Amino acid sequence: MTPPFALSALRMEGLHVTSSPSVHAKGASLLDSAVALTRDTERAALHAGLLRTLGEMLPLSEVRLAERGELAPGAPAIGGGSWHLLPLRGPDAPHGKEIAVHLGSDSAEDVSVLHGFLRLYRNFLAVIEESERDRLTQLRNRRAFDLRLDGLSAQLIRSRRHATADNAYWLALIDIDHFKSINDRYGHLYGDEVLILLAQLLRQHFGEHHDAYRYGGEEFAALISARSDKGARQLLERFRAAVEGTEFPGVKQVTVSIGYAPLEPGKAPPVIIERADRALYEAKGRGRNRVVDVNALLGPAANPDHAPREWGDIELF
């Protein structure tokens, strides 16, 4: 029987410590923590199942969020036992963090059980990661994009309710100009090379503080964070210019059209996508190789403080 102990509830916004005298309460706390940490059902279920099972089977003393490299695997802990580490991955995992598990036992059997579960965890997590990756470009795919957009939309609603909003987010849809002509003229092998090189440029421009995805076919998506509309536009213009200035093997020059729209609290993800897509359509209509902001396209009517919603914009929250 595992004795009572204090577990740290792992949350994206910080470390919240709770005490629990029962396995059921510990499991519920860990489940809540895992959902807050991963923000998607499959990872939440994986984390919750793993941590609940470990809490029932092993004498855990503490589970907390640690800086990567802060603790060495197997390092001795104050009061006995040792630390064991679980990697954090996924689009919403905090950068440079890992879950640190304090096993209050030096029993070889307990350590073996813990490591066995960690191996299972890594294997299942690898399956989830693979399902969210585009094989050709190695960018995250449409499935991962949908999960991330849903998570950001929910985050904005919580921020509005608690008055903690610091950043603004934009969705940009990026389409390769005349891609069908590239495939028809040079062949699909060169077309694939264009997609791969464009994905590399996306990672260079959006990889560290923003998220880039292969949305489908020759279309890509980026979820970017910026303090203002001007900042978002500058970021997208730099990317557009970088693509235009890159020599693509066998094809020479390639350009992209970009439409973008802000994420707003209470707006359903399909509405946000529709707005960005409308801006992209306008960029194509204006001659391609340009960036169009949906707010500039609509004028004052795009400001929710001055005009009613458009395009079937239904408030769901």
# chains A, B, ... in the order shown; residues from 1 in each chain; ligands from 1
call {"tool": "select_by_dssp", "arguments": {"residues": "region 33-255 of chain A", "states": "alpha helix (DSSP H)", "output": "MDAnalysis selection string"}}
result
chainID A and resid 33:38 41:57 108:131 142:162 179:186 188:206 229:244
call {"tool": "select_by_dssp", "arguments": {"residues": "region 62-139 of chain A", "states": "strand (DSSP E or B)", "output": "NGL selection string"}}
result
:A and (62-67 or 76 or 82-87 or 97-103 or 133)
call {"tool": "write_last_selection", "arguments": {"atoms": "N, CA, C and O atoms", "output": "PDB file, in the first residue's frame"}}
result
ATOM      1  N   GLU A  62       7.365  12.532  -4.631  1.00  0.00           N
ATOM      2  CA  GLU A  62       7.100  13.817  -5.281  1.00  0.00           C
ATOM      3  C   GLU A  62       7.146  13.643  -6.791  1.00  0.00           C
ATOM      4  O   GLU A  62       7.902  12.826  -7.319  1.00  0.00           O
ATOM      5  N   VAL A  63       6.297  14.414  -7.467  1.00  0.00           N
ATOM      6  CA  VAL A  63       6.350  14.522  -8.923  1.00  0.00           C
ATOM      7  C   VAL A  63       6.320  16.007  -9.239  1.00  0.00           C
ATOM      8  O   VAL A  63       5.419  16.716  -8.798  1.00  0.00           O
ATOM      9  N   ARG A  64       7.307  16.506  -9.973  1.00  0.00           N
ATOM     10  CA  ARG A  64       7.332  17.945 -10.249  1.00  0.00           C
ATOM     11  C   ARG A  64       7.918  18.232 -11.622  1.00  0.00           C
ATOM     12  O   ARG A  64       8.538  17.366 -12.255  1.00  0.00           O
ATOM     13  N   LEU A  65       7.719  19.461 -12.059  1.00  0.00           N
ATOM     14  CA  LEU A  65       8.253  19.936 -13.324  1.00  0.00           C
ATOM     15  C   LEU A  65       9.650  20.480 -13.081  1.00  0.00           C
ATOM     16  O   LEU A  65       9.837  21.355 -12.231  1.00  0.00           O
ATOM     17  N   ALA A  66      10.638  19.959 -13.802  1.00  0.00           N
ATOM     18  CA  ALA A  66      12.026  20.366 -13.594  1.00  0.00           C
ATOM     19  C   ALA A  66      12.639  20.875 -14.885  1.00  0.00           C
ATOM     20  O   ALA A  66      12.206  20.516 -15.981  1.00  0.00           O
ATOM     21  N   GLU A  67      13.653  21.726 -14.751  1.00  0.00           N
ATOM     22  CA  GLU A  67      14.421  22.166 -15.909  1.00  0.00           C
ATOM     23  C   GLU A  67      15.212  20.983 -16.453  1.00  0.00           C
ATOM     24  O   GLU A  67      15.761  20.187 -15.689  1.00  0.00           O
ATOM     25  N   PRO A  76      20.540  10.769  -6.201  1.00  0.00           N
ATOM     26  CA  PRO A  76      19.956  10.567  -4.868  1.00  0.00           C
ATOM     27  C   PRO A  76      19.132  11.774  -4.441  1.00  0.00           C
ATOM     28  O   PRO A  76      19.442  12.914  -4.790  1.00  0.00           O
ATOM     29  N   SER A  82      15.567   8.157  -5.020  1.00  0.00           N
ATOM     30  CA  SER A  82      16.286   8.779  -6.134  1.00  0.00           C
ATOM     31  C   SER A  82      15.299   9.417  -7.112  1.00  0.00           C
ATOM     32  O   SER A  82      14.100   9.164  -7.064  1.00  0.00           O
ATOM     33  N   TRP A  83      15.835  10.277  -7.983  1.00  0.00           N
ATOM     34  CA  TRP A  83      15.031  10.967  -8.997  1.00  0.00           C
ATOM     35  C   TRP A  83      15.069  10.207 -10.311  1.00  0.00           C
ATOM     36  O   TRP A  83      16.118   9.697 -10.718  1.00  0.00           O
ATOM     37  N   HIS A  84      13.924  10.171 -10.981  1.00  0.00           N
ATOM     38  CA  HIS A  84      13.816   9.545 -12.288  1.00  0.00           C
ATOM     39  C   HIS A  84      13.030  10.499 -13.187  1.00  0.00           C
ATOM     40  O   HIS A  84      12.119  11.190 -12.733  1.00  0.00           O
ATOM     41  N   LEU A  85      13.368  10.547 -14.483  1.00  0.00           N
ATOM     42  CA  LEU A  85      12.893  11.612 -15.355  1.00  0.00           C
ATOM     43  C   LEU A  85      12.037  11.091 -16.504  1.00  0.00           C
ATOM     44  O   LEU A  85      12.308  10.031 -17.057  1.00  0.00           O
ATOM     45  N   LEU A  86      10.979  11.851 -16.821  1.00  0.00           N
ATOM     46  CA  LEU A  86      10.123  11.558 -17.971  1.00  0.00           C
ATOM     47  C   LEU A  86      10.243  12.725 -18.955  1.00  0.00           C
ATOM     48  O   LEU A  86      10.058  13.882 -18.569  1.00  0.00           O
ATOM     49  N   PRO A  87      10.532  12.467 -20.210  1.00  0.00           N
ATOM     50  CA  PRO A  87      10.645  13.571 -21.183  1.00  0.00           C
ATOM     51  C   PRO A  87       9.288  14.173 -21.476  1.00  0.00           C
ATOM     52  O   PRO A  87       8.274  13.494 -21.461  1.00  0.00           O
ATOM     53  N   LYS A  97      11.640  21.499 -20.344  1.00  0.00           N
ATOM     54  CA  LYS A  97      11.161  20.946 -19.080  1.00  0.00           C
ATOM     55  C   LYS A  97      11.028  19.427 -19.180  1.00  0.00           C
ATOM     56  O   LYS A  97      10.920  18.859 -20.254  1.00  0.00           O
ATOM     57  N   GLU A  98      11.035  18.780 -18.010  1.00  0.00           N
ATOM     58  CA  GLU A  98      10.763  17.354 -17.945  1.00  0.00           C
ATOM     59  C   GLU A  98      10.114  17.042 -16.598  1.00  0.00           C
ATOM     60  O   GLU A  98      10.240  17.811 -15.642  1.00  0.00           O
ATOM     61  N   ILE A  99       9.376  15.941 -16.554  1.00  0.00           N
ATOM     62  CA  ILE A  99       8.744  15.534 -15.304  1.00  0.00           C
ATOM     63  C   ILE A  99       9.765  14.768 -14.473  1.00  0.00           C
ATOM     64  O   ILE A  99      10.355  13.796 -14.946  1.00  0.00           O
ATOM     65  N   ALA A 100       9.969  15.226 -13.245  1.00  0.00           N
ATOM     66  CA  ALA A 100      10.894  14.562 -12.326  1.00  0.00           C
ATOM     67  C   ALA A 100      10.087  13.768 -11.300  1.00  0.00           C
ATOM     68  O   ALA A 100       9.209  14.309 -10.631  1.00  0.00           O
ATOM     69  N   VAL A 101      10.373  12.474 -11.198  1.00  0.00           N
ATOM     70  CA  VAL A 101       9.673  11.586 -10.274  1.00  0.00           C
ATOM     71  C   VAL A 101      10.638  11.182  -9.157  1.00  0.00           C
ATOM     72  O   VAL A 101      11.694  10.615  -9.429  1.00  0.00           O
ATOM     73  N   HIS A 102      10.276  11.496  -7.907  1.00  0.00           N
ATOM     74  CA  HIS A 102      11.083  11.094  -6.751  1.00  0.00           C
ATOM     75  C   HIS A 102      10.564   9.761  -6.241  1.00  0.00           C
ATOM     76  O   HIS A 102       9.480   9.684  -5.664  1.00  0.00           O
ATOM     77  N   LEU A 103      11.319   8.707  -6.483  1.00  0.00           N
ATOM     78  CA  LEU A 103      10.969   7.369  -6.009  1.00  0.00           C
ATOM     79  C   LEU A 103      11.577   7.192  -4.626  1.00  0.00           C
ATOM     80  O   LEU A 103      12.806   7.203  -4.475  1.00  0.00           O
ATOM     81  N   ARG A 133       2.913  14.010 -37.530  1.00  0.00           N
ATOM     82  CA  ARG A 133       4.033  14.494 -38.339  1.00  0.00           C
ATOM     83  C   ARG A 133       3.798  14.190 -39.809  1.00  0.00           C
ATOM     84  O   ARG A 133       3.397  13.099 -40.175  1.00  0.00           O
TER      85      ARG A 133
END
call {"tool": "residues_around", "arguments": {"residues": "region 281-294 of chain A", "least_positions_apart": "4", "cutoff": "7 Å", "atoms": "only C-alpha atoms", "output": "NGL selection string"}}
result
:A and (177 or 237 or 255-261 or 275-277 or 298)
call {"tool": "decode", "arguments": {"residues": "region 63-75 of chain A", "atoms": "all heavy atoms", "output": "PDB file, in the first residue's frame"}}
result
ATOM      1  N   VAL A  63       6.297  14.414  -7.467  1.00  0.00           N
ATOM      2  CA  VAL A  63       6.350  14.522  -8.923  1.00  0.00           C
ATOM      3  C   VAL A  63       6.320  16.007  -9.239  1.00  0.00           C
ATOM      4  O   VAL A  63       5.419  16.716  -8.798  1.00  0.00           O
ATOM      5  CB  VAL A  63       5.144  13.826  -9.604  1.00  0.00           C
ATOM      6  CG1 VAL A  63       5.245  13.951 -11.118  1.00  0.00           C
ATOM      7  CG2 VAL A  63       5.072  12.369  -9.207  1.00  0.00           C
ATOM      8  N   ARG A  64       7.307  16.506  -9.973  1.00  0.00           N
ATOM      9  CA  ARG A  64       7.332  17.945 -10.249  1.00  0.00           C
ATOM     10  C   ARG A  64       7.918  18.232 -11.622  1.00  0.00           C
ATOM     11  O   ARG A  64       8.538  17.366 -12.255  1.00  0.00           O
ATOM     12  CB  ARG A  64       8.127  18.682  -9.172  1.00  0.00           C
ATOM     13  CG  ARG A  64       9.636  18.426  -9.158  1.00  0.00           C
ATOM     14  CD  ARG A  64      10.264  19.215  -8.013  1.00  0.00           C
ATOM     15  NE  ARG A  64      11.697  18.996  -7.898  1.00  0.00           N
ATOM     16  CZ  ARG A  64      12.622  19.717  -8.554  1.00  0.00           C
ATOM     17  NH1 ARG A  64      12.237  20.675  -9.380  1.00  0.00           N
ATOM     18  NH2 ARG A  64      13.895  19.475  -8.369  1.00  0.00           N
ATOM     19  N   LEU A  65       7.719  19.461 -12.059  1.00  0.00           N
ATOM     20  CA  LEU A  65       8.253  19.936 -13.324  1.00  0.00           C
ATOM     21  C   LEU A  65       9.650  20.480 -13.081  1.00  0.00           C
ATOM     22  O   LEU A  65       9.837  21.355 -12.231  1.00  0.00           O
ATOM     23  CB  LEU A  65       7.347  21.036 -13.874  1.00  0.00           C
ATOM     24  CG  LEU A  65       7.325  21.272 -15.384  1.00  0.00           C
ATOM     25  CD1 LEU A  65       6.954  20.005 -16.128  1.00  0.00           C
ATOM     26  CD2 LEU A  65       6.355  22.395 -15.710  1.00  0.00           C
ATOM     27  N   ALA A  66      10.638  19.959 -13.802  1.00  0.00           N
ATOM     28  CA  ALA A  66      12.026  20.366 -13.594  1.00  0.00           C
ATOM     29  C   ALA A  66      12.639  20.875 -14.885  1.00  0.00           C
ATOM     30  O   ALA A  66      12.206  20.516 -15.981  1.00  0.00           O
ATOM     31  CB  ALA A  66      12.842  19.184 -13.060  1.00  0.00           C
ATOM     32  N   GLU A  67      13.653  21.726 -14.751  1.00  0.00           N
ATOM     33  CA  GLU A  67      14.421  22.166 -15.909  1.00  0.00           C
ATOM     34  C   GLU A  67      15.212  20.983 -16.453  1.00  0.00           C
ATOM     35  O   GLU A  67      15.761  20.187 -15.689  1.00  0.00           O
ATOM     36  CB  GLU A  67      15.389  23.291 -15.525  1.00  0.00           C
ATOM     37  CG  GLU A  67      14.717  24.571 -15.062  1.00  0.00           C
ATOM     38  CD  GLU A  67      14.035  25.307 -16.194  1.00  0.00           C
ATOM     39  OE1 GLU A  67      14.396  25.059 -17.364  1.00  0.00           O
ATOM     40  OE2 GLU A  67      13.132  26.120 -15.908  1.00  0.00           O
ATOM     41  N   ARG A  68      15.256  20.888 -17.777  1.00  0.00           N
ATOM     42  CA  ARG A  68      16.029  19.802 -18.377  1.00  0.00           C
ATOM     43  C   ARG A  68      17.496  19.954 -17.985  1.00  0.00           C
ATOM     44  O   ARG A  68      18.092  21.008 -18.127  1.00  0.00           O
ATOM     45  CB  ARG A  68      15.878  19.828 -19.895  1.00  0.00           C
ATOM     46  CG  ARG A  68      16.472  18.602 -20.586  1.00  0.00           C
ATOM     47  CD  ARG A  68      15.996  18.544 -22.021  1.00  0.00           C
ATOM     48  NE  ARG A  68      14.550  18.416 -22.084  1.00  0.00           N
ATOM     49  CZ  ARG A  68      13.829  18.754 -23.157  1.00  0.00           C
ATOM     50  NH1 ARG A  68      14.430  19.262 -24.212  1.00  0.00           N
ATOM     51  NH2 ARG A  68      12.526  18.604 -23.149  1.00  0.00           N
ATOM     52  N   GLY A  69      18.081  18.898 -17.447  1.00  0.00           N
ATOM     53  CA  GLY A  69      19.463  18.927 -16.997  1.00  0.00           C
ATOM     54  C   GLY A  69      19.615  19.299 -15.534  1.00  0.00           C
ATOM     55  O   GLY A  69      20.712  19.210 -14.975  1.00  0.00           O
ATOM     56  N   GLU A  70      18.523  19.733 -14.886  1.00  0.00           N
ATOM     57  CA  GLU A  70      18.583  20.106 -13.471  1.00  0.00           C
ATOM     58  C   GLU A  70      18.893  18.900 -12.597  1.00  0.00           C
ATOM     59  O   GLU A  70      19.629  18.993 -11.612  1.00  0.00           O
ATOM     60  CB  GLU A  70      17.250  20.725 -13.050  1.00  0.00           C
ATOM     61  CG  GLU A  70      17.132  21.050 -11.568  1.00  0.00           C
ATOM     62  CD  GLU A  70      15.734  21.523 -11.194  1.00  0.00           C
ATOM     63  OE1 GLU A  70      14.953  21.885 -12.102  1.00  0.00           O
ATOM     64  OE2 GLU A  70      15.423  21.522  -9.986  1.00  0.00           O
ATOM     65  N   LEU A  71      18.322  17.754 -12.949  1.00  0.00           N
ATOM     66  CA  LEU A  71      18.531  16.530 -12.195  1.00  0.00           C
ATOM     67  C   LEU A  71      19.074  15.442 -13.117  1.00  0.00           C
ATOM     68  O   LEU A  71      18.668  15.342 -14.276  1.00  0.00           O
ATOM     69  CB  LEU A  71      17.212  16.057 -11.576  1.00  0.00           C
ATOM     70  CG  LEU A  71      16.562  17.006 -10.560  1.00  0.00           C
ATOM     71  CD1 LEU A  71      15.126  16.575 -10.308  1.00  0.00           C
ATOM     72  CD2 LEU A  71      17.358  17.030  -9.263  1.00  0.00           C
ATOM     73  N   ALA A  72      19.970  14.651 -12.591  1.00  0.00           N
ATOM     74  CA  ALA A  72      20.495  13.518 -13.350  1.00  0.00           C
ATOM     75  C   ALA A  72      19.652  12.293 -13.054  1.00  0.00           C
ATOM     76  O   ALA A  72      19.221  12.089 -11.917  1.00  0.00           O
ATOM     77  CB  ALA A  72      21.951  13.254 -12.977  1.00  0.00           C
ATOM     78  N   PRO A  73      19.384  11.466 -14.072  1.00  0.00           N
ATOM     79  CA  PRO A  73      18.618  10.237 -13.821  1.00  0.00           C
ATOM     80  C   PRO A  73      19.282   9.389 -12.741  1.00  0.00           C
ATOM     81  O   PRO A  73      20.487   9.148 -12.778  1.00  0.00           O
ATOM     82  CB  PRO A  73      18.642   9.528 -15.183  1.00  0.00           C
ATOM     83  CG  PRO A  73      18.882  10.620 -16.179  1.00  0.00           C
ATOM     84  CD  PRO A  73      19.761  11.609 -15.489  1.00  0.00           C
ATOM     85  N   GLY A  74      18.495   8.986 -11.749  1.00  0.00           N
ATOM     86  CA  GLY A  74      19.036   8.165 -10.670  1.00  0.00           C
ATOM     87  C   GLY A  74      19.735   8.940  -9.581  1.00  0.00           C
ATOM     88  O   GLY A  74      20.295   8.348  -8.654  1.00  0.00           O
ATOM     89  N   ALA A  75      19.725  10.287  -9.659  1.00  0.00           N
ATOM     90  CA  ALA A  75      20.395  11.100  -8.645  1.00  0.00           C
ATOM     91  C   ALA A  75      19.743  10.886  -7.286  1.00  0.00           C
ATOM     92  O   ALA A  75      18.513  10.822  -7.195  1.00  0.00           O
ATOM     93  CB  ALA A  75      20.330  12.572  -9.035  1.00  0.00           C
TER      94      ALA A  75
END
